[in-house]
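J.: What follows is protein.csv, made up of CSV, C-alpha atoms:
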chain,number,residue,atom,x,y,z
K,1,GLU,CA,113.8,88.8,103.6
K,2,VAL,CA,110.9,89.4,101.2
K,3,GLU,CA,112.0,89.6,97.5
K,4,LEU,CA,109.9,89.9,94.4
K,5,VAL,CA,111.4,89.7,90.9
K,6,GLU,CA,109.2,90.3,87.9
K,7,SER,CA,110.0,89.2,84.3
K,8,GLY,CA,108.3,88.4,81.0
K,9,GLY,CA,107.5,91.9,79.8
K,10,GLY,CA,108.4,93.1,76.3
K,11,LEU,CA,107.1,94.6,73.1
K,12,VAL,CA,104.1,93.0,71.5
K,13,GLN,CA,101.6,94.0,68.8
K,14,ALA,CA,98.0,94.7,69.8
K,15,GLY,CA,96.0,91.5,70.0
K,16,GLY,CA,99.0,89.5,71.1
K,17,SER,CA,99.9,87.8,74.3
K,18,LEU,CA,102.5,87.9,77.1
K,19,ARG,CA,102.9,86.0,80.3
K,20,LEU,CA,104.4,87.9,83.3
K,21,PHE,CA,106.2,86.1,86.1
K,22,CYS,CA,106.9,87.1,89.6
K,23,LYS,CA,109.4,85.0,91.4
K,24,ALA,CA,109.0,85.3,95.2
K,25,SER,CA,111.3,84.5,98.0
K,26,GLY,CA,111.1,85.0,101.8
K,27,PHE,CA,107.5,84.0,101.9
K,28,ARG,CA,105.0,81.5,100.3
K,29,VAL,CA,102.9,82.8,97.4
K,30,SER,CA,100.3,80.1,98.2
K,31,LEU,CA,99.8,81.5,101.7
K,32,SER,CA,99.7,85.2,100.7
K,33,ASP,CA,97.4,87.8,99.2
K,34,MET,CA,99.0,89.0,96.0
K,35,LEU,CA,98.4,91.7,93.4
K,36,TRP,CA,99.5,92.8,90.0
K,37,VAL,CA,99.5,96.5,89.6
K,38,ARG,CA,100.6,98.7,86.7
K,39,GLN,CA,101.6,102.3,86.1
K,40,ALA,CA,101.5,104.0,82.7
K,41,PRO,CA,103.6,107.1,82.0
K,42,GLY,CA,102.1,110.1,83.8
K,43,LYS,CA,99.4,108.0,85.6
K,44,GLY,CA,99.0,106.5,89.0
K,45,LEU,CA,99.1,102.9,90.1
K,46,GLU,CA,96.3,100.8,88.9
K,47,ARG,CA,95.3,97.4,90.3
K,48,VAL,CA,95.0,94.9,87.5
K,49,ALA,CA,94.3,91.7,89.3
K,50,SER,CA,94.4,90.2,92.8
K,51,ILE,CA,94.4,86.7,94.3
K,52,SER,CA,93.8,86.2,98.0
K,53,ARG,CA,95.3,83.4,100.1
K,54,ALA,CA,91.8,81.9,100.0
K,55,GLY,CA,91.9,81.8,96.2
K,56,ARG,CA,89.5,84.7,95.6
K,57,ILE,CA,90.4,86.4,92.3
K,58,GLU,CA,89.4,89.8,91.1
K,59,TYR,CA,90.2,91.8,87.9
K,60,LEU,CA,90.1,95.4,86.8
K,61,ASP,CA,87.0,95.6,84.5
K,62,SER,CA,89.0,96.5,81.4
K,63,VAL,CA,91.1,93.3,81.7
K,64,LYS,CA,88.4,90.8,82.5
K,65,ASP,CA,88.2,87.9,80.0
K,66,ARG,CA,91.7,88.9,78.7
K,67,PHE,CA,94.0,88.5,81.7
K,68,THR,CA,94.4,85.6,84.1
K,69,ILE,CA,96.2,85.6,87.4
K,70,MET,CA,97.5,82.4,88.8
K,71,THR,CA,100.1,80.9,91.2
K,72,ASP,CA,102.7,78.3,90.5
K,73,ASN,CA,103.1,77.0,94.0
K,74,PRO,CA,106.0,74.5,93.4
K,75,LYS,CA,108.0,77.4,91.9
K,76,ASN,CA,106.7,80.0,94.4
K,77,THR,CA,105.8,82.2,91.5
K,78,LEU,CA,102.8,84.4,90.6
K,79,TRP,CA,101.8,84.6,86.9
K,80,LEU,CA,99.8,87.1,84.9
K,81,GLN,CA,98.7,85.7,81.5
K,82,MET,CA,97.7,88.6,79.3
K,83,ASP,CA,95.8,88.0,76.0
K,84,LYS,CA,94.3,90.3,73.5
K,85,LEU,CA,96.6,93.1,74.5
K,86,ARG,CA,95.5,96.6,73.8
K,87,LEU,CA,97.5,99.8,73.4
K,88,GLU,CA,96.1,101.0,76.7
K,89,ASP,CA,97.7,98.0,78.5
K,90,THR,CA,101.1,99.6,78.0
K,91,ALA,CA,102.7,100.2,81.4
K,92,MET,CA,105.2,99.0,83.9
K,93,TYR,CA,103.8,96.0,85.7
K,94,TYR,CA,104.6,95.1,89.3
K,95,CYS,CA,103.6,92.2,91.6
K,96,VAL,CA,102.8,93.2,95.1
K,97,LEU,CA,102.7,91.3,98.4
K,98,GLY,CA,99.6,92.0,100.4
K,99,LYS,CA,96.3,93.8,99.9
K,100,SER,CA,97.6,97.3,99.3
K,101,ASN,CA,98.8,98.7,96.0
K,102,LEU,CA,101.7,100.2,97.9
K,103,GLY,CA,102.9,97.0,99.5
K,104,PRO,CA,106.3,95.4,98.9
K,105,ARG,CA,107.0,94.9,95.2
K,106,GLY,CA,109.7,94.2,92.7
K,107,GLN,CA,111.4,96.3,90.2
K,108,GLY,CA,108.7,95.8,87.6
K,109,THR,CA,108.6,94.6,84.1
K,110,GLN,CA,107.7,96.8,81.1
K,111,VAL,CA,104.9,95.9,78.8
K,112,THR,CA,104.6,97.9,75.6
K,113,VAL,CA,101.8,97.2,73.1
K,114,SER,CA,102.2,98.6,69.6
K,115,ALA,CA,99.6,99.2,66.9
Can you present the structure in this file as structure tokens?
T.:
Amino acid sequence: EVELVESGGGLVQAGGSLRLFCKASGFRVSLSDMLWVRQAPGKGLERVASISRAGRIEYLDSVKDRFTIMTDNPKNTLWLQMDKLRLEDTAMYYCVLGKSNLGPRGQGTQVTVSA
């Protein structure tokens, strides 16, 4: 059974950093396409970063040079390192299995950036 559990969110001041974690079970992160998506209040899902099974990485333009997606293969975990956080990064963040924003995902972790 596929299961994804996100953690690491919280309240941080603008300019600060957070690292999000997505613990996976039921499949191997290293052999899968994975996404981080987010949803701000009143807005739709937005793809933040992706990593393919071949290691190809892509980022939303607004997070390039600030966010880093990576896998921790021994721990079967997907990370999202977020630096230089901005007010507009405030959202619920989800990790997703596959290439679609609507694929299997966890319960999410809330990131709130304050001024």
J.: With 6 Å as the threshold, what does the neighbourhood of (96.4, 90.5, 75.8) contain in terms of residues, counting all atoms listed in the file? Coordinates are those of the file; answer as a list in words.
T.: Gly15, Gly16, Ser17, Arg66, Met82, Asp83, Lys84 and Leu85 of chain K
J.: Name the residues in contact with Thr68 in chain K at a cut-off of 10 Å, using only C-alpha atoms, excluding same-chain residues fewer than 5 positions from it; report them as an mmCIF file with C-alpha atoms, in the frame of the given file.
T.:
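Wrote it out as result.cif, contents follow:
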data_model
loop_
_atom_site.group_PDB
_atom_site.id
_atom_site.type_symbol
_atom_site.label_atom_id
_atom_site.label_comp_id
_atom_site.auth_asym_id
_atom_site.auth_seq_id
_atom_site.Cartn_x
_atom_site.Cartn_y
_atom_site.Cartn_z
ATOM 1 C CA ARG K 19 102.900 86.000 80.300
ATOM 2 C CA VAL K 48 95.000 94.900 87.500
ATOM 3 C CA ALA K 49 94.300 91.700 89.300
ATOM 4 C CA SER K 50 94.400 90.200 92.800
ATOM 5 C CA ILE K 57 90.400 86.400 92.300
ATOM 6 C CA GLU K 58 89.400 89.800 91.100
ATOM 7 C CA TYR K 59 90.200 91.800 87.900
ATOM 8 C CA VAL K 63 91.100 93.300 81.700
ATOM 9 C CA TRP K 79 101.800 84.600 86.900
ATOM 10 C CA LEU K 80 99.800 87.100 84.900
ATOM 11 C CA GLN K 81 98.700 85.700 81.500
ATOM 12 C CA MET K 82 97.700 88.600 79.300
ATOM 13 C CA ASP K 83 95.800 88.000 76.000
#
J.: Give me the residues within 6 Å of Ala14 in chain K as a PyMOL selection string, counting all atoms listed in the file and dropping any in the same chain fewer than 3 places off.
T.: chain K and resi 85-86+113-115
J.: Pick out the residues sitting within 12 Å of Tyr94 in chain K, and hand them over as a short mmCIF file (atom, residue, chain, number, x, y, z; two decimals) with C-alpha atoms, keeping the file's coordinate frame; count only C-alpha atoms, and ignore anything fewer than 4 positions along from it in its own chain.
T.:
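So the final result, stored in part-v1.cif, reads:
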data_model
loop_
_atom_site.label_atom_id
_atom_site.label_comp_id
_atom_site.auth_asym_id
_atom_site.auth_seq_id
_atom_site.Cartn_x
_atom_site.Cartn_y
_atom_site.Cartn_z
CA LEU K 4 109.90 89.90 94.40
CA VAL K 5 111.40 89.70 90.90
CA GLU K 6 109.20 90.30 87.90
CA SER K 7 110.00 89.20 84.30
CA GLY K 8 108.30 88.40 81.00
CA GLY K 9 107.50 91.90 79.80
CA LEU K 20 104.40 87.90 83.30
CA PHE K 21 106.20 86.10 86.10
CA CYS K 22 106.90 87.10 89.60
CA LYS K 23 109.40 85.00 91.40
CA MET K 34 99.00 89.00 96.00
CA LEU K 35 98.40 91.70 93.40
CA TRP K 36 99.50 92.80 90.00
CA VAL K 37 99.50 96.50 89.60
CA ARG K 38 100.60 98.70 86.70
CA GLN K 39 101.60 102.30 86.10
CA ALA K 40 101.50 104.00 82.70
CA LEU K 45 99.10 102.90 90.10
CA GLU K 46 96.30 100.80 88.90
CA ARG K 47 95.30 97.40 90.30
CA VAL K 48 95.00 94.90 87.50
CA ALA K 49 94.30 91.70 89.30
CA SER K 50 94.40 90.20 92.80
CA LEU K 78 102.80 84.40 90.60
CA TRP K 79 101.80 84.60 86.90
CA LEU K 80 99.80 87.10 84.90
CA ASN K 101 98.80 98.70 96.00
CA LEU K 102 101.70 100.20 97.90
CA GLY K 103 102.90 97.00 99.50
CA PRO K 104 106.30 95.40 98.90
CA ARG K 105 107.00 94.90 95.20
CA GLY K 106 109.70 94.20 92.70
CA GLN K 107 111.40 96.30 90.20
CA GLY K 108 108.70 95.80 87.60
CA THR K 109 108.60 94.60 84.10
CA GLN K 110 107.70 96.80 81.10
CA VAL K 111 104.90 95.90 78.80
#
J.: Just checking: using only C-alpha atoms, which residue out of K:Ser30, K:Thr90, K:Ser100, K:Gln13 ends up closest to Lys75 in chain K?
T.: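 Checking each candidate against Lys75 in chain K, we get K:Ser30 as the closest.
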J.: So the first atom is CA of Ala54 in chain K and the second is CA of Asp33 in chain K; what is the distance between them in Å, to one decimal place?
T.: 8.2 Å
J.: Could you work out how far CA of Val2 in chain K lies from CA of Ser32 in chain K, giving the answer in Å with one decimal?
T.: 12.0 Å
J.: Using all atoms listed in the file, can you tell me which of K:Val96, K:Ser25, K:Leu11, K:Ala91 comes closest to Ser52 in chain K?
T.: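 Distance minimum relative to Ser52 in chain K lands on K:Val96.
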J.: For the atom pair CA of Ile69 in chain K and CA of Pro41 in chain K, what is the interatomic distance in Å to one decimal place?
T.: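 Separation of CA of Ile69 in chain K and CA of Pro41 in chain K: 23.4 Å.
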J.: Ranking K:Leu18, K:Val12, K:Glu3, K:Val29 by minimum distance to Asp72 in chain K and counting all atoms listed in the file, which one comes first?
T.: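 Ranked by minimum distance to Asp72 in chain K, first place goes to K:Val29.
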J.: Counting all atoms listed in the file, which residue out of K:Thr112, K:Met92, K:Leu97, K:Pro74 sits closest to Gly42 in chain K?
T.: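 Between K:Thr112, K:Met92, K:Leu97, K:Pro74, the residue approaching Gly42 in chain K most closely is K:Met92.
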